[in-house]
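Here's the structure, in structure tokens; my notes come after.
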2 protein chains.
Amino acid sequence: MIEILPLRGLPEIRPGDDLATLLAAAMAGLPGGPRVMDILVVTQKIVSKAENLFVDLETVEPDREATALAEKTRKDPRVVALVLRESTAIVRAVPGVLITRHVSGCVMANGGIDQSNLGPGGDGHVLLLPRDPDAAADRLRAALGPDAPAVIISDSFGRPWRVGVTNVAIGAAGFPALVDHRGSHDRGGRPLAVTQVALGDLAAAAAGLVMGEGDEGVPAAVVRGLTWSGAARPAADLIRPEAEDLFR
Amino acid sequence: MIEILPLRGLPEIRPGDDLATLLAAAMAGLPGGPRVMDILVVTQKIVSKAENLFVDLETVEPDREATALAEKTRKDPRVVALVLRESTAIVRAVPGVLITRHVSGCVMANGGIDQSNLGPGGDGHVLLLPRDPDAAADRLRAALGPDAPAVIISDSFGRPWRVGVTNVAIGAAGFPALVDHRGSHDRGGRPLAVTQVALGDLAAAAAGLVMGEGDEGVPAAVVRGLTWSGAARPAADLIRPEAEDLFR
């Protein structure tokens with residue numbers, strides 16, 4: 001059995017907060033306390049808040065490229081300027097839609113820039129994604145000490161052919177975010193067709209069942225009861241290399 | 001708290017098996033027995049086996065289109081002929097890759113045709129996807145009786161920009177597979193950016209944590225502890241309409 005345990009009672013996270021200490025206190029309240037092989041899933045939003053990745057839109061001067069792209073996509077030119085700054089490539093730009101490859105490698109809408117639930121002082125500001133979410137997961141895990149759980153930093157992404165967002169792992173530490181069955185065979189001896197499983201994304205989605213978006217949402221959860229073997233693999237391994245992208 | 005409970009002890013499913021009776025027996029063994037608002041997640045594979053969606057490849061005569069497409073994608077022409085028969089459009093065809101829109105509306109690789117773990121007598125056969133997975137979920141739920149759990153029929157899909165498969169809901173009954181927050185606001189009064197959540201896909205992914213692929217895998221699981229309100233919505237609502245497809 002696997003349990004998905006919401007971490008309730010976290011305060012509103014502010015720049016400079018010691019996220020590890022706050023999360024450790026919340027995990028101490030779990031049934032039986034923290035356990036070996038727990039996976040702690042935290043939203044990108046609280047990581048970005050603690051790391052003070054806020055940008056005051058008043059300070060952003062859109063250049064000509066950003067202004068043209070904002071016109072094409074009908075978005076705020078200042079936000080588009082930030083999306084371009086945080087991205088390496090534009091994947092799709094049509095009215096209402098701006099999909100780019102973030103510097104982390106993730107392909108997503110609006111460079112992962114967040115404009116809702118920014119908390120006190122959030123007016124007129126936006127919140128950027130960590131530029132290296134795996135490194136942020138590593139730092140959080142290290143700060144949680146020698147018996148730290150595995151860590152996922154999650155975000156909610158849309159999908160090209162499906163409606164509605166799902167939670168994915170943009171950062172991971174301490175477990176294999178991608179599990180490789182290549183070389184395995186089915187019970188009849190045929191090579192397995194499905195050879196790589198996005199374990200990090202499955203665990204992030206499971207945590208998404210208790211995390212939610214609105215007032216009812218909690219920004220962290222623990223996935224308990226999973227087992228794995230083999231070396232840890234970062235969430236970067238979940239990103240399809242640009243050369244294998246079928247839709248460039 | 002949400003629990004993901006694997007349903008162990010199901011026999012190998014064969015054509016004509018009464019899947020509802022077998023699943024009900026397995027659910028009776030859950031802690032506390034079945035509960036209201038359980039979601040029963042079953043793999044497409046056992047639904048297709050029970051519905052005898054096997055095709056003997058010896059009986060398939062590839063036409064000229066299938067033969068050409070098989071050459072282009074380096075796949076078995078008989079399998080490609082079946083993919084074309086079960087699809088309404090070709091989305092991408094390059095060496096090693098054949099992505100189509102299945103008659104159900106799902107965009108996926110190889111028309112969802114399954115060639116592994118087909119069980120006794122599976123040699124030389126392939127297993128098709130149900131043509132209307134929501135109707136299959138409705139039938140299964142109806143056969144489970146008046147206190148039936150919600151039902152998901154799940155499959156594992158690849159993603160264009162991410163490596164590894166995740167489980168998604170291709171059929172759903174008895175709960176809203178898509179949850180719509182449009183019109184909601186964040187705690188600061190801003191309209192929520194993320195307005196539709198793919199609840200069916202999140203629950204399927206959570207179940208995927210215990211279902212797996214190989215010998216260790218189980219073909220069904222129960223997601224327990226979720227709450228929802230509002231009318232049931234089918235998995236068809238998770239499919240982006242072709243007109244909104246950004247990558248046609």
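Residues in the structure tokens are numbered from 1 in each chain, the chains being A, B, ... in the order shown, and ligands are numbered from 1 in the order shown.
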Got a sec to pull out which chain B residues are within 6 Å of chain A, counting only C-alpha atoms, and send them as a compact mmCIF listing (two decimals) with N, CA and C atoms, in the first residue's frame?
```txt
# COMPACT_ATOMS: atom_id res chain seq x y z
N MET B 1 -5.77 11.86 4.05
CA MET B 1 -4.82 10.89 3.51
C MET B 1 -5.46 10.08 2.39
N ILE B 2 -4.68 9.82 1.38
CA ILE B 2 -5.14 8.95 0.29
C ILE B 2 -4.32 7.68 0.31
N GLU B 3 -4.99 6.56 0.08
CA GLU B 3 -4.31 5.28 0.02
C GLU B 3 -4.41 4.71 -1.38
N ILE B 4 -3.32 4.09 -1.81
CA ILE B 4 -3.30 3.38 -3.09
C ILE B 4 -3.13 1.91 -2.77
N LEU B 5 -4.16 1.14 -3.00
CA LEU B 5 -4.20 -0.27 -2.58
C LEU B 5 -4.13 -1.18 -3.80
N ASN B 117 2.96 -9.44 -22.60
CA ASN B 117 2.18 -9.98 -21.49
C ASN B 117 0.75 -10.34 -21.92
N TRP B 161 7.44 15.75 -24.83
CA TRP B 161 8.66 16.44 -24.40
C TRP B 161 9.29 15.81 -23.17
N ARG B 162 8.71 14.69 -22.70
CA ARG B 162 9.23 14.09 -21.48
C ARG B 162 9.50 12.62 -21.72
N VAL B 163 10.49 12.11 -21.02
CA VAL B 163 10.91 10.72 -21.17
C VAL B 163 10.13 9.86 -20.19
N GLY B 164 9.85 8.62 -20.59
CA GLY B 164 9.19 7.68 -19.69
C GLY B 164 7.68 7.80 -19.80
N VAL B 165 7.01 6.69 -19.55
CA VAL B 165 5.55 6.70 -19.62
C VAL B 165 4.95 7.07 -18.27
N THR B 166 3.72 7.57 -18.32
CA THR B 166 2.90 7.74 -17.12
C THR B 166 1.53 7.14 -17.43
N ASP B 186 -7.78 33.02 -6.69
CA ASP B 186 -6.80 32.66 -5.67
C ASP B 186 -7.08 33.45 -4.39
N ARG B 187 -6.23 33.22 -3.38
CA ARG B 187 -6.47 33.86 -2.08
C ARG B 187 -6.33 35.38 -2.15
N GLN B 196 -8.22 23.95 -15.00
CA GLN B 196 -8.78 22.62 -15.17
C GLN B 196 -7.74 21.60 -14.74
N VAL B 197 -8.16 20.68 -13.88
CA VAL B 197 -7.24 19.67 -13.36
C VAL B 197 -7.69 18.30 -13.86
N ALA B 198 -6.72 17.54 -14.37
CA ALA B 198 -7.00 16.23 -14.95
C ALA B 198 -7.05 15.17 -13.84
N LEU B 202 -4.51 12.07 -12.78
CA LEU B 202 -3.77 12.04 -11.51
C LEU B 202 -4.04 10.73 -10.77
N ALA B 205 -2.30 7.87 -12.50
CA ALA B 205 -0.86 7.91 -12.24
C ALA B 205 -0.56 7.40 -10.82
N ALA B 206 -1.39 7.80 -9.86
CA ALA B 206 -1.20 7.32 -8.48
C ALA B 206 -1.31 5.80 -8.45
N GLY B 214 5.90 -5.35 -15.24
CA GLY B 214 6.43 -6.69 -15.41
C GLY B 214 5.73 -7.73 -14.54
N LEU B 238 -11.02 14.56 -21.12
CA LEU B 238 -9.58 14.79 -20.97
C LEU B 238 -8.87 14.91 -22.32
N ILE B 239 -9.61 14.71 -23.39
CA ILE B 239 -9.00 14.75 -24.72
C ILE B 239 -9.18 16.13 -25.32
N ARG B 240 -8.06 16.74 -25.68
CA ARG B 240 -8.12 18.06 -26.29
C ARG B 240 -8.76 17.94 -27.67
```
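Backbone DSSP assigns strand (DSSP E or B) in stretch 93-162 of chain A to A:Ala93, A:Val94, A:Val97, A:Leu98, A:Ile99, A:Thr100, A:Arg101, A:His102, A:Val107, A:Met108, A:Ala109, A:Asp114, A:His125, A:Val126, A:Leu127, A:Ala150, A:Val151, A:Ile152, A:Ile153, A:Ser154, A:Asp155, A:Ser156, A:Phe157, A:Arg162.
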Suppose we keep N, CA and C atoms; can you now write the selection as a compact mmCIF listing (two decimals), in the first residue's frame?
```
# COMPACT_ATOMS: atom_id res chain seq x y z
N ALA A 93 4.02 29.78 -30.24
CA ALA A 93 3.49 31.09 -29.86
C ALA A 93 2.32 31.41 -30.76
N VAL A 94 1.12 31.35 -30.21
CA VAL A 94 -0.10 31.73 -30.93
C VAL A 94 -0.95 32.51 -29.92
N VAL A 97 -1.31 31.53 -26.17
CA VAL A 97 -0.42 30.40 -25.87
C VAL A 97 1.03 30.78 -26.11
N LEU A 98 1.88 30.57 -25.09
CA LEU A 98 3.32 30.76 -25.25
C LEU A 98 4.02 29.59 -24.56
N ILE A 99 4.53 28.68 -25.37
CA ILE A 99 5.21 27.50 -24.85
C ILE A 99 6.68 27.63 -25.19
N THR A 100 7.53 27.49 -24.18
CA THR A 100 8.97 27.62 -24.41
C THR A 100 9.72 26.48 -23.74
N ARG A 101 10.99 26.38 -24.08
CA ARG A 101 11.89 25.49 -23.34
C ARG A 101 12.59 26.33 -22.28
N HIS A 102 12.27 26.07 -21.02
CA HIS A 102 12.88 26.79 -19.89
C HIS A 102 14.37 26.43 -19.81
N VAL A 107 9.87 21.84 -21.13
CA VAL A 107 9.00 22.54 -22.08
C VAL A 107 7.68 22.80 -21.38
N MET A 108 7.29 24.06 -21.29
CA MET A 108 6.07 24.39 -20.55
C MET A 108 5.53 25.75 -20.97
N ALA A 109 4.32 26.05 -20.48
CA ALA A 109 3.68 27.32 -20.81
C ALA A 109 4.26 28.45 -19.97
N ASP A 114 4.70 32.37 -12.46
CA ASP A 114 3.53 32.20 -11.62
C ASP A 114 2.98 33.57 -11.24
N HIS A 125 3.87 41.62 -8.69
CA HIS A 125 5.04 40.77 -8.81
C HIS A 125 4.67 39.46 -9.50
N VAL A 126 5.68 38.83 -10.05
CA VAL A 126 5.52 37.45 -10.52
C VAL A 126 6.60 36.62 -9.84
N LEU A 127 6.45 35.30 -9.95
CA LEU A 127 7.37 34.38 -9.27
C LEU A 127 8.00 33.48 -10.32
N ALA A 150 13.55 11.26 0.27
CA ALA A 150 13.75 11.71 -1.10
C ALA A 150 12.93 12.98 -1.30
N VAL A 151 13.28 13.78 -2.29
CA VAL A 151 12.61 15.07 -2.49
C VAL A 151 12.20 15.22 -3.95
N ILE A 152 10.97 15.70 -4.15
CA ILE A 152 10.50 16.12 -5.48
C ILE A 152 10.07 17.58 -5.39
N ILE A 153 10.51 18.38 -6.35
CA ILE A 153 9.90 19.70 -6.55
C ILE A 153 8.95 19.56 -7.73
N SER A 154 7.66 19.86 -7.49
CA SER A 154 6.65 19.60 -8.52
C SER A 154 6.06 20.89 -9.07
N ASP A 155 5.58 20.78 -10.28
CA ASP A 155 4.82 21.88 -10.88
C ASP A 155 3.68 21.24 -11.65
N SER A 156 2.68 22.05 -12.02
CA SER A 156 1.58 21.49 -12.80
C SER A 156 1.70 21.98 -14.24
N PHE A 157 1.72 21.02 -15.16
CA PHE A 157 1.92 21.30 -16.58
C PHE A 157 0.67 20.91 -17.37
N ARG A 162 -4.00 16.63 -24.33
CA ARG A 162 -4.95 16.31 -23.26
C ARG A 162 -5.32 17.58 -22.51
```
Quiz item: Near A:Arg78, within 8 Å and counting only C-alpha atoms, which residues show up once chain neighbours fewer than 2 positions away are dropped, as JSON, numbers by chain?
Solution: {"A": [57, 60, 61, 62, 66, 76, 80, 81, 82]}
Could those residues be written to a file, using C-alpha atoms, as a compact mmCIF listing (two decimals), in the first residue's frame?
```
# COMPACT_ATOMS: atom_id res chain seq x y z
CA LEU A 57 7.04 43.83 -13.02
CA VAL A 60 11.04 44.92 -16.36
CA GLU A 61 11.70 46.79 -19.63
CA PRO A 62 10.41 44.69 -22.54
CA ALA A 66 9.29 40.71 -26.20
CA ASP A 76 1.76 41.22 -20.81
CA VAL A 80 6.87 37.82 -21.99
CA ALA A 81 10.25 39.55 -21.52
CA LEU A 82 10.81 37.44 -18.39
```
Quiz item: Between B:Asn110, B:Ser104, B:Phe54, B:Val36, which has the minimum distance to B:Pro77 (counting only C-alpha atoms)?
Solution: B:Asn110
Quiz item: Just asking: which residues within stretch 1-246 of chain A are helix (DSSP H, G or I) according to DSSP, as a ChimeraX atom specification?
Solution: /A:19-28,44-50,57-59,64-73,77-85,110-112,133-143,199-211,235-238,242-244
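Residues within 12 Å of B:Gly145, counting only C-alpha atoms and excluding same-chain residues fewer than 3 positions away, are Ala20, Thr21, Leu23, Ala24, Asp138, Arg139, Leu140, Arg141, Ala142, Ala148, Pro149 and Ala150 of chain B.
Among the candidates B:Pro176, B:Gly29, B:Gly96, B:Gly111, the one nearest to B:Pro234 when counting only C-alpha atoms is B:Pro176.
Atom pair atom CA of A:Arg14 / atom CA of A:Ile46: separated by 8.2 Å.
The nearest approach to B:Asn52 among the residues B:Glu12, B:Gly32, B:Pro95, B:Pro130, with only C-alpha atoms taken into account, belongs to B:Pro130.
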